[in-house]
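Structure data (mmCIF, C-alpha atoms) from run_8.cif:
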```cif
data_work
loop_
_atom_site.label_atom_id
_atom_site.label_comp_id
_atom_site.auth_asym_id
_atom_site.auth_seq_id
_atom_site.Cartn_x
_atom_site.Cartn_y
_atom_site.Cartn_z
CA MET A 114 11.87 -5.88 38.45
CA LYS A 115 12.29 -7.96 35.32
CA PRO A 116 10.68 -6.54 32.18
CA ARG A 117 7.51 -8.34 31.20
CA VAL A 118 7.65 -10.83 28.33
CA ARG A 119 5.41 -10.14 25.35
CA ILE A 120 3.97 -13.13 23.49
CA ALA A 121 1.96 -13.29 20.27
CA THR A 122 0.23 -16.41 18.94
CA THR A 123 -1.67 -17.20 15.77
CA SER A 124 -3.28 -20.11 13.95
CA LEU A 125 -2.72 -20.05 10.18
CA ALA A 126 -3.83 -23.13 8.21
CA GLY A 127 -4.41 -25.08 11.40
CA CYS A 128 -7.35 -26.32 13.44
CA PHE A 129 -6.65 -24.40 16.69
CA GLY A 130 -5.85 -27.78 18.26
CA CYS A 131 -2.38 -26.53 19.24
CA HIS A 132 -3.97 -23.51 20.92
CA MET A 133 -6.39 -25.85 22.73
CA SER A 134 -3.41 -27.90 23.89
CA PHE A 135 -1.74 -24.69 25.06
CA MET A 136 -4.88 -23.96 27.11
CA ASP A 137 -4.25 -27.32 28.76
CA ILE A 138 -1.41 -25.77 30.76
CA ASP A 139 -4.41 -24.97 32.99
CA GLU A 140 -3.56 -23.00 36.15
CA ARG A 141 -0.05 -22.41 34.86
CA LEU A 142 -1.71 -19.74 32.71
CA LEU A 143 -1.95 -17.70 35.92
CA ALA A 144 1.76 -18.09 36.54
CA LEU A 145 2.33 -17.04 32.92
CA ALA A 146 0.11 -13.98 33.36
CA GLU A 147 2.36 -12.90 36.24
CA ILE A 148 5.33 -12.49 33.94
CA ALA A 149 3.94 -12.18 30.41
CA ASP A 150 1.49 -10.15 28.33
CA PHE A 151 -0.31 -11.41 25.25
CA ASP A 152 -0.04 -9.37 22.09
CA ARG A 153 -1.94 -10.46 18.96
CA SER A 154 -3.50 -13.81 19.80
CA PRO A 155 -6.85 -15.60 19.57
CA LEU A 156 -6.78 -15.44 23.39
CA GLY A 157 -7.39 -11.68 23.19
CA ASP A 158 -8.61 -9.40 20.45
CA VAL A 159 -5.48 -7.55 19.35
CA LYS A 160 -5.55 -7.35 15.55
CA ARG A 161 -1.98 -6.39 14.75
CA CYS A 162 1.27 -7.74 16.08
CA GLU A 163 3.55 -5.22 17.81
CA ARG A 164 7.11 -5.82 18.98
CA CYS A 165 7.16 -9.15 20.81
CA ASP A 166 9.66 -11.39 22.46
CA ILE A 167 8.10 -14.67 21.39
CA GLY A 168 5.81 -15.47 18.47
CA ILE A 169 4.03 -18.83 18.41
CA VAL A 170 2.69 -20.00 15.06
CA GLU A 171 0.28 -22.88 14.62
CA GLY A 172 -0.71 -24.08 11.15
CA GLY A 173 0.88 -24.02 7.72
CA VAL A 174 0.55 -21.47 4.96
CA CYS A 175 -2.38 -22.06 2.59
CA ASN A 176 -3.45 -18.58 1.46
CA ALA A 177 -2.26 -15.00 0.92
CA GLU A 178 -3.44 -13.85 4.34
CA ASN A 179 -1.39 -16.61 6.03
CA VAL A 180 1.70 -15.28 4.25
CA GLU A 181 0.97 -11.72 5.38
CA VAL A 182 0.34 -12.68 9.02
CA LEU A 183 3.40 -14.92 9.10
CA ARG A 184 5.63 -12.15 7.76
CA GLU A 185 4.15 -9.74 10.29
CA PHE A 186 5.02 -12.20 13.06
CA ARG A 187 8.57 -12.61 11.79
CA ARG A 188 9.03 -8.85 11.53
CA HIS A 189 7.89 -8.20 15.08
CA CYS A 190 8.94 -11.27 17.07
CA LYS A 191 12.47 -11.79 18.33
CA ILE A 192 11.92 -15.54 18.55
CA LEU A 193 9.55 -17.38 16.23
CA VAL A 194 8.34 -20.85 17.19
CA ALA A 195 6.62 -23.29 14.81
CA VAL A 196 4.11 -25.30 16.81
CA GLY A 197 2.52 -28.53 15.59
CA ALA A 198 2.62 -30.76 12.53
CA CYS A 199 0.95 -28.25 10.16
CA ALA A 200 3.41 -25.42 10.85
CA ILE A 201 6.31 -27.87 10.49
CA ASN A 202 5.37 -29.89 7.39
CA GLY A 203 1.99 -28.60 6.21
CA GLY A 204 0.17 -31.36 8.08
CA ILE A 205 -3.35 -32.44 7.19
CA PRO A 206 -4.12 -29.34 5.04
CA ALA A 207 -1.11 -30.30 2.87
CA LEU A 208 -2.86 -33.53 1.91
CA ARG A 209 -4.45 -31.37 -0.79
CA ASN A 210 -1.03 -30.84 -2.36
CA ARG A 211 -1.40 -34.04 -4.38
CA TYR A 212 -4.46 -32.59 -6.12
CA ASP A 213 -4.88 -29.69 -8.52
CA LEU A 214 -6.28 -26.66 -6.65
CA GLY A 215 -8.90 -26.06 -9.35
CA ASP A 216 -10.10 -29.65 -9.01
CA CYS A 217 -10.39 -29.21 -5.22
CA LEU A 218 -12.48 -26.06 -5.58
CA GLU A 219 -14.68 -27.63 -8.24
CA GLU A 220 -15.40 -30.68 -6.16
CA ALA A 221 -16.02 -28.68 -2.98
CA PHE A 222 -18.24 -25.99 -4.48
CA LEU A 223 -19.57 -27.23 -7.83
CA THR A 224 -19.68 -30.96 -8.42
CA GLY A 225 -19.42 -32.51 -4.95
CA ILE A 226 -22.18 -34.57 -3.35
CA GLY A 227 -24.82 -32.41 -1.64
CA VAL A 228 -23.71 -29.10 -3.16
CA THR A 229 -26.60 -26.66 -3.57
CA ASP A 230 -26.33 -23.29 -5.34
CA PRO A 231 -22.99 -24.28 -6.90
CA LYS A 232 -20.55 -21.39 -7.09
CA ILE A 233 -16.84 -21.04 -6.31
CA PRO A 234 -16.55 -18.27 -3.67
CA GLY A 235 -14.92 -15.23 -5.20
CA ASP A 236 -15.63 -12.38 -2.78
CA PRO A 237 -12.66 -9.94 -2.74
CA GLU A 238 -12.69 -10.19 1.09
CA LEU A 239 -11.62 -13.81 0.86
CA PRO A 240 -7.87 -14.44 0.88
CA LEU A 241 -6.59 -16.10 -2.28
CA LEU A 242 -5.61 -19.72 -1.89
CA LEU A 243 -2.04 -20.74 -2.69
CA ASP A 244 -1.42 -23.46 -5.22
CA LYS A 245 0.05 -25.62 -2.45
CA VAL A 246 0.09 -25.62 1.34
CA HIS A 247 3.56 -24.93 2.76
CA PRO A 248 5.23 -25.31 6.14
CA ILE A 249 6.16 -21.95 7.64
CA HIS A 250 9.93 -22.47 7.37
CA GLU A 251 9.56 -22.25 3.58
CA VAL A 252 8.35 -18.65 3.97
CA VAL A 253 10.23 -17.18 6.94
CA LYS A 254 13.16 -18.07 9.18
CA VAL A 255 11.95 -20.17 12.11
CA ASP A 256 13.93 -20.35 15.33
CA TYR A 257 12.40 -23.36 17.08
CA ALA A 258 9.91 -26.10 16.28
CA ILE A 259 7.69 -28.09 18.62
CA PRO A 260 6.29 -31.12 16.76
CA GLY A 261 3.09 -32.95 17.64
CA CYS A 262 -0.54 -33.07 16.58
CA PRO A 263 -0.87 -31.31 18.91
CA PRO A 264 2.22 -31.06 21.14
CA SER A 265 1.25 -31.79 24.74
CA ALA A 266 0.66 -28.93 27.16
CA ASP A 267 3.69 -30.05 29.16
CA THR A 268 5.89 -29.93 26.07
CA LEU A 269 4.62 -26.45 25.16
CA TRP A 270 5.16 -25.30 28.74
CA THR A 271 8.68 -26.73 28.86
CA VAL A 272 9.70 -24.87 25.70
CA LEU A 273 7.94 -21.63 26.60
CA THR A 274 9.41 -21.42 30.10
CA ALA A 275 12.88 -22.18 28.73
CA LEU A 276 12.55 -19.38 26.17
CA ILE A 277 11.25 -16.94 28.78
CA ALA A 278 14.19 -17.81 31.01
CA GLY A 279 16.55 -17.19 28.10
CA ASP A 280 17.58 -20.83 27.88
CA GLU A 281 17.92 -23.08 24.86
CA PRO A 282 14.81 -25.30 24.83
CA GLN A 283 15.65 -29.01 24.83
CA LEU A 284 13.18 -31.56 23.55
CA SER A 285 14.00 -35.23 23.83
CA GLY A 286 12.49 -38.65 24.38
CA GLU A 287 8.75 -38.69 24.78
CA SER A 288 8.39 -34.93 24.35
CA ILE A 289 9.10 -35.41 20.63
CA ARG A 290 6.04 -36.88 18.92
CA TYR A 291 4.75 -36.32 15.40
CA ASP A 292 1.17 -37.44 15.97
CA MET B 1021 39.20 -63.61 19.94
CA THR B 1022 39.40 -60.84 17.37
CA ARG B 1023 38.12 -57.43 18.42
CA PHE B 1024 37.55 -53.90 17.24
CA THR B 1025 36.61 -50.85 19.25
CA LEU B 1026 33.25 -49.13 18.96
CA ASP B 1027 32.91 -45.81 20.76
CA GLY B 1028 35.84 -46.86 22.92
CA ARG B 1029 34.36 -50.25 23.82
CA GLU B 1030 35.97 -53.52 22.72
CA ILE B 1031 33.63 -55.57 20.52
CA PRO B 1032 34.33 -59.20 19.59
CA PHE B 1033 33.56 -60.33 16.07
CA ARG B 1034 33.61 -63.38 13.85
CA PRO B 1035 35.29 -63.25 10.42
CA GLY B 1036 32.85 -62.02 7.77
CA GLN B 1037 30.65 -60.06 10.16
CA THR B 1038 29.81 -56.49 9.25
CA ILE B 1039 30.17 -53.72 11.81
CA ILE B 1040 26.41 -53.40 12.32
CA GLU B 1041 26.06 -57.17 12.91
CA ALA B 1042 28.89 -57.35 15.44
CA ALA B 1043 27.60 -54.23 17.21
CA LEU B 1044 24.05 -55.56 17.49
CA ALA B 1045 25.31 -58.94 18.65
CA ALA B 1046 27.09 -57.05 21.45
CA GLY B 1047 23.84 -55.20 22.26
CA ILE B 1048 24.77 -51.91 20.63
CA TYR B 1049 22.29 -50.23 18.28
CA ILE B 1050 23.52 -48.43 15.18
CA PRO B 1051 20.66 -46.50 13.51
CA HIS B 1052 19.44 -48.03 10.24
CA LEU B 1053 16.37 -48.26 8.01
CA CYS B 1054 17.27 -50.34 4.95
CA TRP B 1055 19.21 -52.99 6.86
CA HIS B 1056 17.50 -56.08 8.29
CA PRO B 1057 19.33 -58.99 9.90
CA ARG B 1058 17.58 -61.53 7.67
CA PHE B 1059 18.71 -60.05 4.36
CA PRO B 1060 21.91 -59.03 2.60
CA PRO B 1061 22.69 -55.34 3.15
CA HIS B 1062 21.46 -52.75 0.69
CA GLY B 1063 23.64 -49.85 1.85
CA SER B 1064 21.32 -47.14 0.56
CA CYS B 1065 19.80 -45.24 3.48
CA LYS B 1066 23.22 -44.36 4.93
CA LEU B 1067 21.75 -43.92 8.39
CA CYS B 1068 24.20 -46.50 9.73
CA THR B 1069 27.11 -44.30 8.68
CA VAL B 1070 29.95 -44.61 11.18
CA LYS B 1071 33.54 -43.44 11.23
CA VAL B 1072 35.98 -46.29 10.68
CA ASN B 1073 39.54 -45.20 11.41
CA GLY B 1074 38.43 -41.63 10.69
CA ARG B 1075 36.56 -42.31 7.44
CA LEU B 1076 32.79 -42.37 6.91
CA CYS B 1077 31.52 -45.86 6.03
CA SER B 1078 28.20 -47.72 6.05
CA ALA B 1079 28.21 -50.04 9.05
CA CYS B 1080 25.82 -52.46 7.28
CA THR B 1081 28.26 -53.19 4.44
CA PHE B 1082 31.65 -52.54 5.99
CA PRO B 1083 33.44 -55.67 7.24
CA THR B 1084 34.90 -55.80 10.71
CA ALA B 1085 38.67 -56.05 11.07
CA GLU B 1086 41.07 -56.55 13.94
CA GLY B 1087 41.97 -53.31 15.70
CA GLN B 1088 39.51 -51.10 13.79
CA GLU B 1089 38.49 -47.95 15.61
CA VAL B 1090 34.82 -47.25 14.96
CA VAL B 1091 32.85 -44.20 16.13
CA SER B 1092 29.06 -44.32 15.95
CA ASP B 1093 27.80 -42.29 18.91
CA SER B 1094 29.06 -38.75 18.28
CA ASP B 1095 27.42 -35.34 17.90
CA GLU B 1096 28.70 -35.11 14.33
CA LEU B 1097 27.15 -38.42 13.25
CA ARG B 1098 23.96 -37.65 15.11
CA ARG B 1099 23.65 -34.38 13.15
CA LEU B 1100 24.38 -36.10 9.84
CA ARG B 1101 21.85 -38.85 10.55
CA ARG B 1102 19.25 -36.25 11.52
CA ARG B 1103 19.78 -34.47 8.18
CA LEU B 1104 19.42 -37.76 6.29
CA THR B 1105 16.19 -38.48 8.14
CA GLN B 1106 14.87 -35.01 7.32
CA MET B 1107 15.67 -35.61 3.64
CA LEU B 1108 13.65 -38.83 3.75
CA PHE B 1109 10.73 -36.97 5.31
CA VAL B 1110 10.66 -34.12 2.74
CA GLU B 1111 11.21 -36.41 -0.25
CA GLY B 1112 7.97 -38.33 0.31
CA ASN B 1113 4.60 -37.44 1.80
CA HIS B 1114 4.94 -38.38 5.45
CA PHE B 1115 2.01 -37.01 7.43
CA CYS B 1116 2.15 -38.87 10.73
CA PRO B 1117 -1.18 -37.65 12.18
CA SER B 1118 -3.14 -39.28 9.34
CA CYS B 1119 -0.96 -42.37 8.86
CA GLU B 1120 -2.07 -45.75 10.21
CA LYS B 1121 1.57 -46.73 10.71
CA SER B 1122 2.12 -43.91 13.20
CA GLY B 1123 3.55 -45.23 16.45
CA GLN B 1124 4.86 -48.36 14.71
CA CYS B 1125 6.91 -46.64 11.98
CA GLU B 1126 10.69 -46.93 11.93
CA LEU B 1127 11.20 -43.64 10.08
CA GLN B 1128 9.14 -41.81 12.69
CA ALA B 1129 10.83 -43.65 15.57
CA LEU B 1130 14.21 -42.77 14.13
CA GLY B 1131 13.18 -39.10 14.01
CA TYR B 1132 12.33 -39.34 17.71
CA TYR B 1133 15.59 -41.13 18.49
CA LEU B 1134 17.67 -38.52 16.66
CA GLY B 1135 15.84 -35.57 18.25
CA MET B 1136 14.39 -34.36 14.94
CA THR B 1137 11.89 -31.55 15.59
CA ASP B 1138 11.49 -30.05 12.10
CA SER B 1139 11.91 -30.86 8.39
CA HIS B 1140 14.70 -28.32 7.80
CA TYR B 1141 14.45 -28.70 4.00
CA PRO B 1142 11.67 -27.57 1.65
CA HIS B 1143 9.07 -30.28 1.08
CA PHE B 1144 8.83 -31.96 -2.33
CA TYR B 1145 5.17 -33.03 -2.00
CA PRO B 1146 5.63 -35.52 -4.83
CA ARG B 1147 2.62 -36.99 -6.60
CA ARG B 1148 2.87 -40.76 -6.42
CA ASP B 1149 0.32 -43.43 -7.22
CA ILE B 1150 -1.58 -45.31 -4.55
CA ASP B 1151 -2.41 -48.93 -5.37
CA ALA B 1152 -5.53 -50.13 -3.56
CA SER B 1153 -6.24 -53.04 -5.91
CA HIS B 1154 -5.22 -55.83 -3.50
CA PRO B 1155 -7.94 -57.09 -1.16
CA GLU B 1156 -5.57 -57.52 1.78
CA VAL B 1157 -2.62 -55.19 1.22
CA LEU B 1158 -2.47 -51.46 0.50
CA LEU B 1159 0.46 -49.91 -1.37
CA ASP B 1160 0.80 -46.18 -0.58
CA ARG B 1161 3.84 -45.01 -2.52
CA ASP B 1162 3.70 -41.57 -0.82
CA ARG B 1163 5.39 -43.16 2.15
CA CYS B 1164 7.96 -45.33 0.36
CA ILE B 1165 11.60 -44.68 1.31
CA PHE B 1166 13.09 -47.04 -1.31
CA CYS B 1167 14.80 -49.30 1.23
CA GLU B 1168 14.08 -52.37 -0.95
CA LEU B 1169 13.23 -54.54 2.06
CA CYS B 1170 10.03 -55.67 0.31
CA VAL B 1171 12.04 -56.32 -2.85
CA ARG B 1172 14.56 -58.46 -0.98
CA ALA B 1173 11.89 -60.28 1.04
CA SER B 1174 9.83 -61.09 -2.04
CA ARG B 1175 12.93 -62.25 -3.89
CA ALA B 1176 13.78 -64.59 -0.99
CA GLU B 1177 10.21 -65.92 -1.12
CA GLY B 1178 10.66 -66.70 -4.81
CA LYS B 1179 7.89 -64.34 -5.93
CA ASN B 1180 9.74 -61.20 -7.00
CA VAL B 1181 6.62 -59.09 -6.60
CA PHE B 1182 8.44 -55.79 -6.02
CA GLU B 1183 11.21 -53.89 -7.76
CA LEU B 1184 12.50 -50.33 -7.90
CA ALA B 1185 12.23 -48.67 -11.31
CA GLY B 1186 13.51 -45.33 -12.60
CA ARG B 1187 16.46 -43.41 -11.27
CA GLY B 1188 17.15 -40.56 -8.87
CA ILE B 1189 14.10 -38.49 -8.03
CA HIS B 1190 12.03 -40.56 -10.49
CA THR B 1191 12.67 -43.81 -8.60
CA ARG B 1192 9.45 -45.62 -7.76
CA LEU B 1193 8.33 -48.94 -6.37
CA VAL B 1194 6.79 -51.09 -9.11
CA VAL B 1195 4.88 -54.36 -8.99
CA ASP B 1196 5.47 -57.43 -11.14
CA SER B 1197 2.04 -58.42 -12.44
CA PRO B 1198 0.38 -58.44 -15.88
CA THR B 1199 -1.31 -55.09 -15.11
CA GLY B 1200 1.35 -53.65 -12.82
CA ARG B 1201 -1.26 -53.64 -10.07
CA LEU B 1202 -0.76 -55.28 -6.70
CA GLY B 1203 -4.13 -57.04 -6.86
CA ASP B 1204 -2.99 -59.00 -9.91
CA SER B 1205 0.35 -60.02 -8.38
CA ALA B 1206 1.26 -63.16 -6.43
CA LEU B 1207 1.54 -61.23 -3.16
CA GLU B 1208 -0.35 -62.68 -0.19
CA ALA B 1209 -0.96 -61.03 3.17
CA GLY B 1210 1.05 -63.74 4.92
CA ASP B 1211 4.18 -63.02 2.86
CA LEU B 1212 7.08 -61.40 4.66
CA ALA B 1213 7.23 -58.97 1.72
CA ALA B 1214 3.80 -57.66 2.74
CA ARG B 1215 4.83 -57.26 6.36
CA ILE B 1216 8.42 -56.07 6.38
CA CYS B 1217 7.88 -52.44 5.28
CA PRO B 1218 9.53 -50.23 7.96
CA VAL B 1219 7.23 -47.31 7.06
CA GLY B 1220 3.58 -47.03 6.01
CA ALA B 1221 4.09 -47.77 2.30
CA ILE B 1222 2.92 -51.39 2.41
CA VAL B 1223 0.27 -51.95 5.07
CA LEU B 1224 -2.13 -54.78 5.79
CA ARG B 1225 -5.77 -53.85 5.48
CA ASP B 1226 -8.05 -54.18 8.50
CA THR B 1227 -5.17 -53.74 10.93
CA ALA B 1228 -5.10 -49.94 11.13
CA PHE B 1229 -5.51 -48.21 14.49
CA ARG B 1230 -6.05 -51.54 16.30
CA VAL B 1231 -3.39 -50.74 18.88
CA PRO B 1232 -4.37 -47.74 21.01
CA ILE B 1233 -2.08 -44.74 21.37
CA GLY B 1234 0.21 -45.37 24.31
CA ARG B 1235 0.56 -49.08 23.56
CA ARG B 1236 2.05 -48.88 20.07
CA LYS B 1237 5.51 -50.23 19.36
CA TYR B 1238 7.42 -46.97 19.79
CA ASP B 1239 5.17 -45.18 22.28
CA ARG B 1240 7.19 -46.31 25.26
CA ARG B 1241 10.31 -47.86 23.75
CA THR B 1242 12.96 -46.26 21.58
CA ILE B 1243 13.87 -47.72 18.21
CA ALA B 1244 17.22 -48.70 19.77
CA GLU B 1245 15.51 -50.75 22.47
CA VAL B 1246 13.16 -52.40 19.96
CA SER B 1247 16.03 -53.21 17.59
CA ILE B 1248 18.10 -54.88 20.31
CA GLU B 1249 15.07 -56.79 21.54
CA GLU B 1250 13.63 -57.90 18.20
CA GLU B 1251 16.43 -57.82 15.61
CA ARG B 1252 19.30 -59.11 17.70
CA PRO B 1253 17.79 -62.63 18.03
CA LEU B 1254 17.48 -62.75 14.23
CA LEU B 1255 21.23 -62.48 13.72
CA GLY B 1256 22.86 -65.65 12.41
CA GLU B 1257 23.56 -68.57 14.74
CA GLY B 1258 26.36 -67.72 17.15
CA ASN B 1259 26.04 -63.98 16.64
CA GLY B 1260 23.60 -63.14 19.39
#
```
Could you spell out this file's structure in structure tokens?
Amino acid sequence: MKPRVRIATTSLAGCFGCHMSFMDIDERLLALAEIADFDRSPLGDVKRCERCDIGIVEGGVCNAENVEVLREFRRHCKILVAVGACAINGGIPALRNRYDLGDCLEEAFLTGIGVTDPKIPGDPELPLLLDKVHPIHEVVKVDYAIPGCPPSADTLWTVLTALIAGDEPQLSGESIRYD
Amino acid sequence: MTRFTLDGREIPFRPGQTIIEAALAAGIYIPHLCWHPRFPPHGSCKLCTVKVNGRLCSACTFPTAEGQEVVSDSDELRRLRRRLTQMLFVEGNHFCPSCEKSGQCELQALGYYLGMTDSHYPHFYPRRDIDASHPEVLLDRDRCIFCELCVRASRAEGKNVFELAGRGIHTRLVVDSPTGRLGDSALEAGDLAARICPVGAIVLRDTAFRVPIGRRKYDRRTIAEVSIEEERPLLGEGNG
């Protein structure tokens, strides 16, 4: 019997849209469950990543916790896959990179329209924001990237099944989209 | 008739034709961004780089010659072109999901064509000025790739609205008007200079997101197919 494949997934500075698209593989999830187990992932409730075969990362890196989780994934996953526009180039969250972070916080929590009880959140539980949002390849080595906002379920399935089979995933033609 | 070979195929040419012109006339696409059949070549994007008798040359500026052996479709050139495209992506702020040019953008379509799945390089995230002063045309410098097509088009129209200023990483697209703002320039929405931008740097207002996803220019056709269909007929008389 083949050893079971262990997969971890996470959403950093993303919107969970890539995870939703992954859910769109629909009944193929059952086929996946036959051969794979999920480690840390929003699909379950595992808090820490253990040794995994495949790590799937949605979202870019916008705060200190993102950096920590991303490094944990890299440490424990044999293959790390960047999924979606945000993981690959920062995406929509990186639109804030053209503004000063202090200005963003001030407008959101102090001076913006409709703000009541103005105060910039400073609870020590909150992860510190980075000056800029970064794609994940600027922080760790990334093995494969699946572009799209989000990538289609079929594209995600094609890459995942190739990786599980030990093949080199091939994206071409209409499976490569940036929007 | 005089001929050269391109990827092993014999291509006829007329004296004075560049490699990219003769190739397109024969129905063969060589990737490009700054070249347009209606204007003199600029030779800056280097995406049309081919090997001519073993040496790397820009197909948009290099003249054809009898017996030349040209290679365009090789793994090596595909890799080099992909790297160039990635450099263009990281040098500006190209966020396709929030860009109204998405689906109709040549830079994006070229990324698809070359199989680009990531940025490879660190992103610059430059801070560039947006000019929203014109009632009909928006200038978003974040997306400018410095191809100078708007510069050449405006020059041909006798208006000289656009120019590149600065050098290297400080290069920027500037506007010739008393205030430096697009709204105070002679540009009109009907000008070719307002419509020729291959990316989302110069866009017409009130046209965004009119074409639904699935029916946009590059949703179903590759940039190669579009180029052969739309640019080939624009080649000079007798070329096509």
*Might you spell out which residues the PyMOL selection byres ((chain B and resi 1228-1243) around 8) would select in the displayed file, as a list in words?*
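Checked against the file, the PyMOL selection byres ((chain B and resi 1228-1243) around 8) matches Glu287 of chain A; Glu1120, Lys1121, Gly1123, Gln1124, Cys1125, Glu1126, Ala1129, Leu1130, Tyr1132, Tyr1133, Leu1224, Arg1225, Asp1226, Thr1227, Ala1244, Glu1245, Val1246 and Ser1247 of chain B.
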Writing out the chosen residues with C-alpha atoms as a short mmCIF file (atom, residue, chain, number, x, y, z; two decimals), keeping the file's coordinate frame:
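File produced: selection-v9.cif:
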```
data_model
loop_
_atom_site.label_atom_id
_atom_site.label_comp_id
_atom_site.auth_asym_id
_atom_site.auth_seq_id
_atom_site.Cartn_x
_atom_site.Cartn_y
_atom_site.Cartn_z
CA GLU A 287 8.75 -38.69 24.78
CA GLU B 1120 -2.07 -45.75 10.21
CA LYS B 1121 1.57 -46.73 10.71
CA GLY B 1123 3.55 -45.23 16.45
CA GLN B 1124 4.86 -48.36 14.71
CA CYS B 1125 6.91 -46.64 11.98
CA GLU B 1126 10.69 -46.93 11.93
CA ALA B 1129 10.83 -43.65 15.57
CA LEU B 1130 14.21 -42.77 14.13
CA TYR B 1132 12.33 -39.34 17.71
CA TYR B 1133 15.59 -41.13 18.49
CA LEU B 1224 -2.13 -54.78 5.79
CA ARG B 1225 -5.77 -53.85 5.48
CA ASP B 1226 -8.05 -54.18 8.50
CA THR B 1227 -5.17 -53.74 10.93
CA ALA B 1244 17.22 -48.70 19.77
CA GLU B 1245 15.51 -50.75 22.47
CA VAL B 1246 13.16 -52.40 19.96
CA SER B 1247 16.03 -53.21 17.59
#
```
*Written as a ChimeraX atom specification, what is the full residue list that the PyMOL selection byres ((chain B and resi 1107) around 10) yields on the file shown?*
/B:1101-1106,1108-1112,1139-1144
*asked:* Tell me as a list in words which residues belonging to chain B come within 6 Å of chain A, counting only C-alpha atoms.
replied: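 Filtering chain B at 6 Å from chain A with only C-alpha atoms gives Phe1115, Cys1116, Pro1117, Tyr1132, Gly1135, Thr1137, Asp1138 and Arg1147 of chain B.
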*Go through the shown structure with the PyMOL selection byres ((chain A and resi 139-144) around 12) and write out the matching residues as a ChimeraX atom specification.*
/A:133-138,145-151,156,266-267,269-271,273-274
*Would you mind telling me which residue in A:Arg153, A:Lys232, A:Lys160, A:Arg188 lies nearest to Ala121 (chain A) when using all atoms listed in the file?*
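Selected residue with least distance to Ala121 (chain A): A:Arg153.
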*Atom-to-atom span, CA of Pro1057 (chain B) and CA of Cys1077 (chain B), Å*: 18.3 Å
From the structure block, carefully write region 253-257 of chain A out with all heavy atoms; format it as a PDB file, in the first residue's frame.
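Wrote it out as part-v3.pdb, contents follow:
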```
ATOM      1  N   VAL A 253      10.551  32.987   1.633  1.00  0.00           N
ATOM      2  CA  VAL A 253      11.034  31.597   1.622  1.00  0.00           C
ATOM      3  C   VAL A 253      11.170  31.105   0.182  1.00  0.00           C
ATOM      4  O   VAL A 253      10.633  31.712  -0.745  1.00  0.00           O
ATOM      5  CB  VAL A 253      10.058  30.643   2.369  1.00  0.00           C
ATOM      6  CG1 VAL A 253       9.961  30.991   3.848  1.00  0.00           C
ATOM      7  CG2 VAL A 253       8.689  30.644   1.705  1.00  0.00           C
ATOM      8  N   LYS A 254      11.864  29.984   0.037  1.00  0.00           N
ATOM      9  CA  LYS A 254      11.967  29.357  -1.290  1.00  0.00           C
ATOM     10  C   LYS A 254      10.615  28.726  -1.630  1.00  0.00           C
ATOM     11  O   LYS A 254      10.044  28.006  -0.813  1.00  0.00           O
ATOM     12  CB  LYS A 254      13.056  28.289  -1.230  1.00  0.00           C
ATOM     13  CG  LYS A 254      13.017  27.246  -2.314  1.00  0.00           C
ATOM     14  CD  LYS A 254      13.960  27.597  -3.450  1.00  0.00           C
ATOM     15  CE  LYS A 254      14.186  26.429  -4.400  1.00  0.00           C
ATOM     16  NZ  LYS A 254      12.991  25.993  -5.117  1.00  0.00           N
ATOM     17  N   VAL A 255      10.129  29.000  -2.821  1.00  0.00           N
ATOM     18  CA  VAL A 255       8.848  28.444  -3.264  1.00  0.00           C
ATOM     19  C   VAL A 255       9.104  27.502  -4.433  1.00  0.00           C
ATOM     20  O   VAL A 255       9.877  27.820  -5.337  1.00  0.00           O
ATOM     21  CB  VAL A 255       7.886  29.582  -3.692  1.00  0.00           C
ATOM     22  CG1 VAL A 255       6.595  29.009  -4.259  1.00  0.00           C
ATOM     23  CG2 VAL A 255       7.586  30.489  -2.509  1.00  0.00           C
ATOM     24  N   ASP A 256       8.471  26.327  -4.391  1.00  0.00           N
ATOM     25  CA  ASP A 256       8.755  25.338  -5.427  1.00  0.00           C
ATOM     26  C   ASP A 256       7.874  25.489  -6.668  1.00  0.00           C
ATOM     27  O   ASP A 256       8.343  25.350  -7.788  1.00  0.00           O
ATOM     28  CB  ASP A 256       8.589  23.932  -4.847  1.00  0.00           C
ATOM     29  CG  ASP A 256       9.537  23.695  -3.678  1.00  0.00           C
ATOM     30  OD1 ASP A 256      10.749  23.818  -3.891  1.00  0.00           O
ATOM     31  OD2 ASP A 256       9.051  23.429  -2.558  1.00  0.00           O
ATOM     32  N   TYR A 257       6.600  25.781  -6.451  1.00  0.00           N
ATOM     33  CA  TYR A 257       5.687  25.934  -7.598  1.00  0.00           C
ATOM     34  C   TYR A 257       4.715  27.078  -7.333  1.00  0.00           C
ATOM     35  O   TYR A 257       4.445  27.409  -6.176  1.00  0.00           O
ATOM     36  CB  TYR A 257       4.891  24.644  -7.855  1.00  0.00           C
ATOM     37  CG  TYR A 257       5.776  23.470  -8.183  1.00  0.00           C
ATOM     38  CD1 TYR A 257       6.074  22.516  -7.217  1.00  0.00           C
ATOM     39  CD2 TYR A 257       6.331  23.339  -9.449  1.00  0.00           C
ATOM     40  CE1 TYR A 257       6.913  21.453  -7.502  1.00  0.00           C
ATOM     41  CE2 TYR A 257       7.169  22.275  -9.743  1.00  0.00           C
ATOM     42  CZ  TYR A 257       7.457  21.334  -8.773  1.00  0.00           C
ATOM     43  OH  TYR A 257       8.289  20.293  -9.069  1.00  0.00           O
TER      44      TYR A 257
END
```
